[in-house]
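Q: The following block contains the structure, expressed as structure tokens.
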Amino acid sequence: MSDVASQLFEREAIRELIARVGRLLDTKDFAAVIASFAEPGSYVLRAYSPEIGKEMIWMSVKRAELLRLLKESAEHVHDLADRTHQITVDQISLEKGEALARSTFFSVPY
């Protein structure tokens, strides 16, 4: 497979993984969400803050910490409505054996 074809294949696999994780979050299958992450994987949630005029990191956790947070989420006060996660993949970078995906999401009750 050519380099270009290989990169396209890898990018499409990443897009499918992100969509699958969204569906798993919809069903609250947190064990499967965590199983979707490689052992050295991490989750970073960044948001643009108009008040400070720049992007900020809202959450940055490794796989084990994300598992702990998801398991504890049932104990927190939150909206109990069933939700669907709408996710777009804005950018995927493949460099030196690592992948970085930038996506935008929102969740809405259904």
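Just remember, in the structure tokens the first chain shown is A, the second B, etc., residues are 1-based per chain, and ligands are 1-based in the order shown.
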Excluding same-chain residues fewer than 2 positions from Asp26 of chain A, what lies within 9 Å of it counting only C-alpha atoms, as a list of chain:residue names?
A: A:Val21, A:Gly22, A:Arg23, A:Leu24, A:Lys28, A:Asp29, A:Asp82, A:Arg83, A:Thr84, A:His85, A:Ser107
Q: Once you have the residues from the selection above, write them out as a compact mmCIF listing (two decimals), in the first residue's frame, restricted to N, CA and C atoms.
A:
```
# COMPACT_ATOMS: atom_id res chain seq x y z
N VAL A 21 -16.66 5.69 19.83
CA VAL A 21 -16.58 6.15 21.22
C VAL A 21 -17.79 7.01 21.56
N GLY A 22 -18.22 7.86 20.63
CA GLY A 22 -19.43 8.66 20.87
C GLY A 22 -20.64 7.79 21.11
N ARG A 23 -20.81 6.75 20.30
CA ARG A 23 -21.95 5.84 20.48
C ARG A 23 -21.84 5.09 21.82
N LEU A 24 -20.62 4.72 22.20
CA LEU A 24 -20.43 4.04 23.48
C LEU A 24 -20.76 4.97 24.65
N LYS A 28 -23.51 4.62 27.64
CA LYS A 28 -22.82 4.60 28.95
C LYS A 28 -22.02 3.31 29.13
N ASP A 29 -21.47 2.80 28.05
CA ASP A 29 -20.62 1.60 28.10
C ASP A 29 -19.18 2.07 28.32
N ASP A 82 -31.26 10.77 28.52
CA ASP A 82 -30.44 10.05 27.55
C ASP A 82 -29.93 11.07 26.54
N ARG A 83 -28.68 10.91 26.12
CA ARG A 83 -28.06 11.88 25.23
C ARG A 83 -27.46 11.19 24.04
N THR A 84 -27.32 11.93 22.98
CA THR A 84 -26.57 11.48 21.83
C THR A 84 -25.42 12.45 21.61
N HIS A 85 -24.25 11.93 21.33
CA HIS A 85 -23.05 12.74 21.12
C HIS A 85 -22.84 12.94 19.62
N SER A 107 -23.51 17.33 22.90
CA SER A 107 -24.44 16.24 23.20
C SER A 107 -25.81 16.85 23.42
```
Q: Enter the distance from atom CA of Ser103 of chain A to atom CA of Glu72 of chain A, in Å, rounded to one decimal.
A: 24.5 Å
Q: Can you pull out every residue from chain A that DSSP, working from the backbone, puts in strand (DSSP E or B), and format the result as a count of residues only?
A: 42
Q: With a distance cut-off of 7 Å and only C-alpha atoms, select the neighbouring residues of segment 61-70 of chain A, excluding the residue or stretch itself and same-chain residues fewer than 6 positions from it, and output the selection as a ChimeraX atom specification.
A: /A:30,34,37,39,41-44
Q: With C-alpha atoms retained, could you export that selection as a compact mmCIF listing (two decimals), in the first residue's frame?
A:
```txt
# COMPACT_ATOMS: atom_id res chain seq x y z
CA PHE A 30 -17.63 3.13 29.83
CA ILE A 34 -11.69 2.82 27.87
CA PHE A 37 -7.83 3.76 24.14
CA GLU A 39 -2.45 1.93 27.04
CA GLY A 41 -3.37 6.99 25.21
CA SER A 42 -4.70 10.16 26.75
CA TYR A 43 -7.78 12.35 26.52
CA VAL A 44 -7.46 16.11 26.33
```
Q: Could you find all residues in segment 7-108 of chain A that DSSP calls helix (DSSP H, G or I) from the backbone, and write them as a PyMOL selection string?
A: chain A and resi 7-26+30-35+63-75
Q: Keeping N, CA, C and O atoms, export the residues of the selection given above as a compact mmCIF listing (two decimals), in the first residue's frame.
A:
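selection-v8.txt, written as the output of this step:
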```txt
# COMPACT_ATOMS: atom_id res chain seq x y z
N GLN A 7 -1.93 6.36 4.88
CA GLN A 7 -2.35 7.47 5.75
C GLN A 7 -3.86 7.68 5.68
O GLN A 7 -4.51 7.94 6.69
N LEU A 8 -4.43 7.57 4.47
CA LEU A 8 -5.89 7.70 4.34
C LEU A 8 -6.60 6.60 5.11
O LEU A 8 -7.61 6.84 5.77
N PHE A 9 -6.08 5.38 5.02
CA PHE A 9 -6.65 4.24 5.74
C PHE A 9 -6.60 4.49 7.25
O PHE A 9 -7.58 4.29 7.97
N GLU A 10 -5.45 4.96 7.75
CA GLU A 10 -5.30 5.23 9.18
C GLU A 10 -6.22 6.35 9.63
O GLU A 10 -6.85 6.26 10.69
N ARG A 11 -6.34 7.40 8.84
CA ARG A 11 -7.23 8.51 9.19
C ARG A 11 -8.68 8.05 9.26
O ARG A 11 -9.42 8.44 10.16
N GLU A 12 -9.10 7.22 8.30
CA GLU A 12 -10.47 6.73 8.31
C GLU A 12 -10.72 5.84 9.53
O GLU A 12 -11.79 5.90 10.16
N ALA A 13 -9.75 5.03 9.90
CA ALA A 13 -9.88 4.19 11.09
C ALA A 13 -10.03 5.06 12.34
O ALA A 13 -10.81 4.74 13.25
N ILE A 14 -9.31 6.16 12.40
CA ILE A 14 -9.41 7.08 13.54
C ILE A 14 -10.79 7.74 13.57
O ILE A 14 -11.41 7.85 14.63
N ARG A 15 -11.30 8.15 12.42
CA ARG A 15 -12.65 8.75 12.36
C ARG A 15 -13.70 7.75 12.88
O ARG A 15 -14.59 8.12 13.63
N GLU A 16 -13.58 6.50 12.44
CA GLU A 16 -14.52 5.47 12.89
C GLU A 16 -14.41 5.22 14.39
O GLU A 16 -15.41 5.01 15.07
N LEU A 17 -13.19 5.23 14.90
CA LEU A 17 -12.98 5.04 16.34
C LEU A 17 -13.65 6.16 17.13
O LEU A 17 -14.34 5.91 18.12
N ILE A 18 -13.47 7.39 16.69
CA ILE A 18 -14.08 8.54 17.39
C ILE A 18 -15.59 8.43 17.36
O ILE A 18 -16.27 8.64 18.38
N ALA A 19 -16.17 8.06 16.23
CA ALA A 19 -17.63 7.89 16.14
C ALA A 19 -18.10 6.76 17.06
O ALA A 19 -19.12 6.89 17.74
N ARG A 20 -17.35 5.65 17.10
CA ARG A 20 -17.71 4.52 17.96
C ARG A 20 -17.67 4.92 19.43
O ARG A 20 -18.57 4.57 20.20
N VAL A 21 -16.66 5.69 19.83
CA VAL A 21 -16.58 6.15 21.22
C VAL A 21 -17.79 7.01 21.56
O VAL A 21 -18.36 6.89 22.65
N GLY A 22 -18.22 7.86 20.63
CA GLY A 22 -19.43 8.66 20.87
C GLY A 22 -20.64 7.79 21.11
O GLY A 22 -21.43 8.04 22.03
N ARG A 23 -20.81 6.75 20.30
CA ARG A 23 -21.95 5.84 20.48
C ARG A 23 -21.84 5.09 21.82
O ARG A 23 -22.85 4.85 22.49
N LEU A 24 -20.62 4.72 22.20
CA LEU A 24 -20.43 4.04 23.48
C LEU A 24 -20.76 4.97 24.65
O LEU A 24 -21.33 4.53 25.66
N LEU A 25 -20.43 6.24 24.53
CA LEU A 25 -20.80 7.20 25.56
C LEU A 25 -22.32 7.34 25.63
O LEU A 25 -22.88 7.46 26.71
N ASP A 26 -22.99 7.31 24.45
CA ASP A 26 -24.45 7.37 24.43
C ASP A 26 -25.07 6.26 25.27
O ASP A 26 -26.05 6.47 25.98
N PHE A 30 -18.91 2.50 29.53
CA PHE A 30 -17.63 3.13 29.83
C PHE A 30 -16.44 2.17 29.73
O PHE A 30 -15.35 2.56 29.36
N ALA A 31 -16.66 0.91 30.04
CA ALA A 31 -15.58 -0.08 29.90
C ALA A 31 -15.14 -0.17 28.45
O ALA A 31 -13.95 -0.24 28.15
N ALA A 32 -16.11 -0.16 27.53
CA ALA A 32 -15.77 -0.22 26.10
C ALA A 32 -15.12 1.08 25.63
O ALA A 32 -14.25 1.07 24.76
N VAL A 33 -15.52 2.22 26.22
CA VAL A 33 -14.86 3.50 25.89
C VAL A 33 -13.38 3.39 26.23
O VAL A 33 -12.51 3.70 25.41
N ILE A 34 -13.08 2.93 27.43
CA ILE A 34 -11.69 2.82 27.87
C ILE A 34 -10.94 1.79 27.03
O ILE A 34 -9.79 1.99 26.67
N ALA A 35 -11.59 0.70 26.68
CA ALA A 35 -10.94 -0.32 25.84
C ALA A 35 -10.57 0.23 24.47
O ALA A 35 -9.70 -0.32 23.79
N ARG A 63 -5.31 7.27 30.32
CA ARG A 63 -6.34 6.23 30.20
C ARG A 63 -6.89 5.79 31.57
O ARG A 63 -8.10 5.72 31.78
N ALA A 64 -6.03 5.50 32.52
CA ALA A 64 -6.47 5.01 33.84
C ALA A 64 -7.30 6.06 34.58
O ALA A 64 -8.31 5.74 35.22
N GLU A 65 -6.89 7.31 34.48
CA GLU A 65 -7.64 8.39 35.15
C GLU A 65 -9.00 8.59 34.48
O GLU A 65 -10.00 8.84 35.15
N LEU A 66 -9.05 8.48 33.16
CA LEU A 66 -10.33 8.59 32.46
C LEU A 66 -11.28 7.48 32.91
O LEU A 66 -12.46 7.73 33.14
N LEU A 67 -10.78 6.28 33.07
CA LEU A 67 -11.60 5.16 33.56
C LEU A 67 -12.18 5.50 34.94
O LEU A 67 -13.37 5.32 35.18
N ARG A 68 -11.35 6.00 35.82
CA ARG A 68 -11.80 6.36 37.16
C ARG A 68 -12.90 7.42 37.09
O ARG A 68 -13.94 7.31 37.75
N LEU A 69 -12.70 8.45 36.27
CA LEU A 69 -13.68 9.52 36.15
C LEU A 69 -15.01 9.00 35.59
O LEU A 69 -16.08 9.37 36.06
N LEU A 70 -14.94 8.14 34.60
CA LEU A 70 -16.17 7.61 34.01
C LEU A 70 -16.91 6.71 35.00
O LEU A 70 -18.14 6.77 35.09
N LYS A 71 -16.18 5.90 35.75
CA LYS A 71 -16.82 5.04 36.75
C LYS A 71 -17.51 5.87 37.83
O LYS A 71 -18.58 5.51 38.31
N GLU A 72 -16.87 6.97 38.22
CA GLU A 72 -17.42 7.81 39.28
C GLU A 72 -18.54 8.72 38.79
O GLU A 72 -19.27 9.30 39.60
N SER A 73 -18.71 8.85 37.49
CA SER A 73 -19.69 9.80 36.96
C SER A 73 -21.11 9.49 37.43
O SER A 73 -21.92 10.41 37.60
N ALA A 74 -21.42 8.23 37.67
CA ALA A 74 -22.76 7.88 38.14
C ALA A 74 -23.05 8.45 39.52
O ALA A 74 -24.21 8.64 39.89
N GLU A 75 -22.02 8.75 40.29
CA GLU A 75 -22.18 9.29 41.63
C GLU A 75 -22.34 10.80 41.65
O GLU A 75 -22.61 11.39 42.68
```
Q: Point out the residue among A:Gly53, A:Asp90, A:Ala99, A:Met59 with the least atom-to-atom distance to Pro40 of chain A, counting only C-alpha atoms.
A: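 The shortest atom-to-atom distance to Pro40 of chain A comes from A:Ala99.
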Q: Which is closer to Ser60 of chain A than all the others in A:Lys96, A:His76, A:Arg102, A:Arg46, using only C-alpha atoms?
A: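 Closest candidate: A:Arg46.
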Q: Quick one, how far is atom CA of Ala101 of chain A from atom CA of Asp3 of chain A?
A: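 If I compute the distance from atom CA of Ala101 of chain A to atom CA of Asp3 of chain A, I get 19.1 Å.
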Q: Taking only C-alpha atoms into account, which of A:Val89, A:Phe105, A:Ala5, A:Leu94 comes nearest Ala47 of chain A?
A: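 Checking each candidate against Ala47 of chain A, we get A:Phe105 as the closest.
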Q: Rounded to one decimal in Å, what is the spacing between atom CA of Thr104 of chain A and atom CA of Asp79 of chain A?
A: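 Interatomic distance, atom CA of Thr104 of chain A to atom CA of Asp79 of chain A: 20.8 Å.
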